[in-house]
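*Asks:* Hey, dropping work35.txt in here, compact mmCIF, C-alpha atoms:
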```txt
# COMPACT_ATOMS: atom_id res chain seq x y z
CA MET E 12 83.58 100.08 135.91
CA GLU E 13 84.93 98.91 139.27
CA ASN E 14 83.50 95.39 138.80
CA LEU E 15 85.50 94.75 135.62
CA VAL E 16 88.19 92.09 135.71
CA LYS E 17 91.68 93.31 135.03
CA SER E 18 93.42 89.99 134.32
CA PHE E 19 92.86 86.62 132.70
CA GLU E 20 93.42 84.95 136.08
CA GLU E 21 90.73 87.09 137.72
CA ALA E 22 88.30 86.23 134.91
CA CYS E 23 88.96 82.52 135.38
CA ALA E 24 88.39 82.83 139.14
CA ARG E 25 85.04 84.59 138.57
CA LEU E 26 84.04 81.91 136.03
CA ASN E 27 85.17 79.21 138.45
CA ILE E 28 87.46 77.63 135.84
CA GLY E 29 91.16 76.86 135.80
CA THR E 30 93.75 79.07 134.17
CA GLU E 31 95.12 76.29 131.96
CA LEU E 32 95.55 77.43 128.39
CA PRO E 33 94.55 75.36 125.37
CA ASP E 34 97.29 73.21 123.84
CA VAL E 35 98.40 75.03 120.71
CA SER E 36 101.46 72.89 120.01
CA THR E 37 99.88 71.49 116.84
CA PHE E 38 99.24 74.98 115.44
CA PRO E 39 101.81 76.70 113.24
CA ASP E 40 104.11 78.97 115.26
CA ASP E 41 102.63 82.11 113.71
CA LEU E 42 99.10 81.22 114.94
CA GLN E 43 99.84 80.15 118.50
CA LYS E 44 99.82 83.65 120.04
CA HIS E 45 96.62 84.48 118.15
CA VAL E 46 94.79 81.42 119.50
CA ILE E 47 95.91 82.05 123.08
CA ALA E 48 94.96 85.75 122.86
CA THR E 49 91.52 84.84 121.48
CA TYR E 50 90.97 82.39 124.33
CA LYS E 51 92.06 84.84 127.03
CA LEU E 52 90.07 87.76 125.62
CA SER E 53 86.95 85.63 125.24
CA ARG E 54 87.12 84.59 128.92
CA ILE E 55 87.76 88.17 130.07
CA LEU E 56 84.88 89.51 127.96
CA LYS E 57 82.54 86.77 129.14
CA VAL E 58 82.88 88.24 132.64
CA ASN E 59 83.09 91.92 131.69
CA ASN E 60 80.09 91.80 129.34
CA GLY E 61 77.92 90.19 132.02
CA ASP E 62 74.68 88.81 130.57
CA TRP E 63 75.05 90.78 127.31
CA LYS E 64 75.75 88.75 124.19
CA ALA E 65 76.39 90.04 120.71
CA ASP E 66 73.68 89.05 118.27
CA LEU E 67 75.06 89.44 114.77
CA ALA E 68 71.57 89.00 113.31
CA ASP E 69 70.30 92.02 115.27
CA THR E 70 71.26 95.09 113.26
CA ASP E 71 69.77 97.37 115.93
CA GLN E 72 72.19 96.11 118.58
CA TYR E 73 75.38 98.14 118.90
CA LYS E 74 78.60 96.16 119.17
CA TYR E 75 81.80 97.85 120.26
CA TYR E 76 85.45 96.95 119.66
CA PRO E 77 88.72 98.56 120.69
CA TRP E 78 90.17 100.15 117.58
CA PHE E 79 93.92 100.26 117.15
CA ARG E 80 96.30 102.03 114.86
CA ILE E 81 99.22 99.77 114.05
CA ALA E 82 102.31 101.58 112.83
CA LYS E 83 104.76 99.99 110.44
CA LYS E 84 107.72 98.37 112.16
CA GLU E 85 110.08 101.04 110.86
CA GLY E 86 107.73 103.78 112.12
CA PRO E 87 108.26 105.74 115.34
CA SER E 88 105.33 104.23 117.22
CA GLY E 89 103.97 100.77 117.73
CA PHE E 90 100.66 99.18 118.55
CA GLY E 91 98.28 101.36 120.54
CA LEU E 92 94.67 102.28 121.09
CA SER E 93 93.77 104.98 118.63
CA PHE E 94 90.03 105.49 118.99
CA LEU E 95 86.83 103.56 119.52
CA ALA E 96 84.52 102.41 116.81
CA TYR E 97 81.19 100.68 116.74
CA ASP E 98 79.38 98.99 113.94
CA TYR E 99 75.90 97.62 114.05
CA ASP E 100 75.35 96.47 110.50
CA ARG E 101 78.35 94.18 110.08
CA SER E 102 81.03 92.46 112.08
CA PRO E 103 84.70 92.62 111.18
CA SER E 104 85.70 89.05 110.42
CA SER E 105 88.92 89.42 112.39
CA LEU E 106 87.01 89.97 115.62
CA GLY E 107 83.75 88.07 115.69
CA ALA E 108 80.90 88.18 118.18
CA ARG E 109 82.75 86.65 121.12
CA LEU E 110 85.15 89.59 121.25
CA ALA E 111 82.50 92.32 121.00
CA CYS E 112 82.02 94.68 123.93
CA ALA E 113 78.63 95.68 125.27
CA THR E 114 79.49 99.35 125.68
CA GLU E 115 81.85 101.98 124.33
CA GLU E 116 83.31 102.38 127.82
CA LEU E 117 84.08 98.65 128.02
CA ALA E 118 85.76 98.73 124.59
CA GLU E 119 87.94 101.60 125.79
CA PHE E 120 88.76 99.75 129.03
CA MET E 121 89.66 96.58 127.14
CA GLY E 122 91.83 98.46 124.66
CA GLU E 123 93.69 100.32 127.38
CA ASN E 124 94.17 97.35 129.72
CA PHE E 125 94.73 94.41 127.38
CA THR E 126 96.78 95.96 124.59
CA ASP E 127 99.26 93.07 124.73
CA LEU E 128 96.51 90.51 124.06
CA TYR E 129 95.07 92.56 121.20
CA GLU E 130 98.56 92.88 119.74
CA ASP E 131 98.92 89.08 119.86
CA LEU E 132 95.46 88.73 118.37
CA HIS E 133 96.48 90.73 115.32
CA ALA E 134 100.05 89.44 115.06
```
Re-express the file's structure as structure tokens.
*Replies:*
Amino acid sequence: MENLVKSFEEACARLNIGTELPDVSTFPDDLQKHVIATYKLSRILKVNNGDWKADLADTDQYKYYPWFRIAKKEGPSGFGLSFLAYDYDRSPSSLGARLACATEELAEFMGENFTDLYEDLHA
């Protein structure tokens, strides 16, 4: 796991692309964080997944996602990694193939290290 990128900037450097973010000024305010989080996570996972790509048509291919428990705002806790889940016969529509992880270990790493981006993704 030592080769995994730990920041959006590191992912961009490995992909040899700039760190400029897409212009979201035309999006409604409540979607802007979601779009930016999707972009950043997709770049990070492009590096961390290596050559692996999720094939939604392949029901034999495991696809992993960080799984979070989101407490109500009035609850004592907030947004945090709860456990890992995999699903090979369907894809949650809120995540899609670009945000799938190749391994359970990578899903755990992503959930532990990029909680802020996942929180923005689901905001």
*Asks:* For Glu13 in chain E, which residue out of E:Ala134, E:Leu42, E:Leu110, E:Leu117 is the nearest one, using all atoms listed in the file?
*Replies:* E:Leu117
*Asks:* In Å, with one decimal, what is the gap from CA of Phe125 in chain E to CA of Leu67 in chain E?
*Replies:*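 Here the two named atoms are 23.9 Å from each other.
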*Asks:* For Asn60 in chain E, which residue out of E:Asn27, E:Tyr75, E:Arg80, E:Ser18 is the nearest one, using all atoms listed in the file?
*Replies:* E:Tyr75
*Asks:* If you measure from CA of Asp127 in chain E to CA of Ser53 in chain E, what distance in Å do you get, rounded to one decimal?
*Replies:* 14.4 Å
*Asks:* E:Val16, E:Ala24, E:Leu52, E:Val35: which is nearest Ala108 in chain E, counting all atoms listed in the file?
*Replies:* E:Leu52
*Asks:* Would you compute the distance between CA of His133 in chain E and CA of Lys64 in chain E? Give it in Å to one decimal.
*Replies:*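 Atom-to-atom, CA of His133 in chain E and CA of Lys64 in chain E are spaced 22.6 Å apart.
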*Asks:* What lies within 10 Å of Lys17 in chain E using all atoms listed in the file, ignoring chain neighbours under 5 positions off, as JSON, numbers by chain?
*Replies:* {"E": [22, 55, 59, 120, 121, 124, 125]}
*Asks:* N, CA and C atoms are what I want for range 64-79 of chain E; can you complete it accordingly and write them as a PDB file, in the frame of the given file?
*Replies:*
```
ATOM      1  N   LYS E  64      75.129  89.552 125.248  1.00  0.00           N
ATOM      2  CA  LYS E  64      75.750  88.750 124.190  1.00  0.00           C
ATOM      3  C   LYS E  64      75.510  89.438 122.863  1.00  0.00           C
ATOM      4  N   ALA E  65      76.526  89.455 122.042  1.00  0.00           N
ATOM      5  CA  ALA E  65      76.390  90.040 120.710  1.00  0.00           C
ATOM      6  C   ALA E  65      75.502  89.149 119.853  1.00  0.00           C
ATOM      7  N   ASP E  66      74.562  89.762 119.196  1.00  0.00           N
ATOM      8  CA  ASP E  66      73.680  89.050 118.270  1.00  0.00           C
ATOM      9  C   ASP E  66      73.922  89.631 116.884  1.00  0.00           C
ATOM     10  N   LEU E  67      74.689  88.922 116.079  1.00  0.00           N
ATOM     11  CA  LEU E  67      75.060  89.440 114.770  1.00  0.00           C
ATOM     12  C   LEU E  67      73.862  89.579 113.837  1.00  0.00           C
ATOM     13  N   ALA E  68      72.777  88.888 114.121  1.00  0.00           N
ATOM     14  CA  ALA E  68      71.570  89.000 113.310  1.00  0.00           C
ATOM     15  C   ALA E  68      70.760  90.249 113.661  1.00  0.00           C
ATOM     16  N   ASP E  69      71.031  90.843 114.804  1.00  0.00           N
ATOM     17  CA  ASP E  69      70.300  92.020 115.270  1.00  0.00           C
ATOM     18  C   ASP E  69      71.037  93.281 114.836  1.00  0.00           C
ATOM     19  N   THR E  70      70.585  93.905 113.769  1.00  0.00           N
ATOM     20  CA  THR E  70      71.260  95.090 113.260  1.00  0.00           C
ATOM     21  C   THR E  70      70.976  96.338 114.095  1.00  0.00           C
ATOM     22  N   ASP E  71      70.045  96.254 115.042  1.00  0.00           N
ATOM     23  CA  ASP E  71      69.770  97.370 115.930  1.00  0.00           C
ATOM     24  C   ASP E  71      70.651  97.346 117.185  1.00  0.00           C
ATOM     25  N   GLN E  72      71.337  96.238 117.402  1.00  0.00           N
ATOM     26  CA  GLN E  72      72.190  96.110 118.580  1.00  0.00           C
ATOM     27  C   GLN E  72      73.585  96.660 118.267  1.00  0.00           C
ATOM     28  N   TYR E  73      74.032  97.608 119.066  1.00  0.00           N
ATOM     29  CA  TYR E  73      75.380  98.140 118.900  1.00  0.00           C
ATOM     30  C   TYR E  73      76.381  97.140 119.445  1.00  0.00           C
ATOM     31  N   LYS E  74      77.503  97.021 118.754  1.00  0.00           N
ATOM     32  CA  LYS E  74      78.600  96.160 119.170  1.00  0.00           C
ATOM     33  C   LYS E  74      79.870  96.986 119.101  1.00  0.00           C
ATOM     34  N   TYR E  75      80.632  96.987 120.169  1.00  0.00           N
ATOM     35  CA  TYR E  75      81.800  97.850 120.260  1.00  0.00           C
ATOM     36  C   TYR E  75      83.083  97.017 120.275  1.00  0.00           C
ATOM     37  N   TYR E  76      84.150  97.600 119.709  1.00  0.00           N
ATOM     38  CA  TYR E  76      85.450  96.950 119.660  1.00  0.00           C
ATOM     39  C   TYR E  76      86.530  97.998 119.927  1.00  0.00           C
ATOM     40  N   PRO E  77      87.581  97.640 120.630  1.00  0.00           N
ATOM     41  CA  PRO E  77      88.720  98.560 120.690  1.00  0.00           C
ATOM     42  C   PRO E  77      89.266  98.722 119.268  1.00  0.00           C
ATOM     43  N   TRP E  78      89.678  99.896 118.928  1.00  0.00           N
ATOM     44  CA  TRP E  78      90.170 100.150 117.580  1.00  0.00           C
ATOM     45  C   TRP E  78      91.609 100.636 117.701  1.00  0.00           C
ATOM     46  N   PHE E  79      92.503  99.962 117.022  1.00  0.00           N
ATOM     47  CA  PHE E  79      93.920 100.260 117.150  1.00  0.00           C
ATOM     48  C   PHE E  79      94.501 100.773 115.843  1.00  0.00           C
TER      49      PHE E  79
END
```
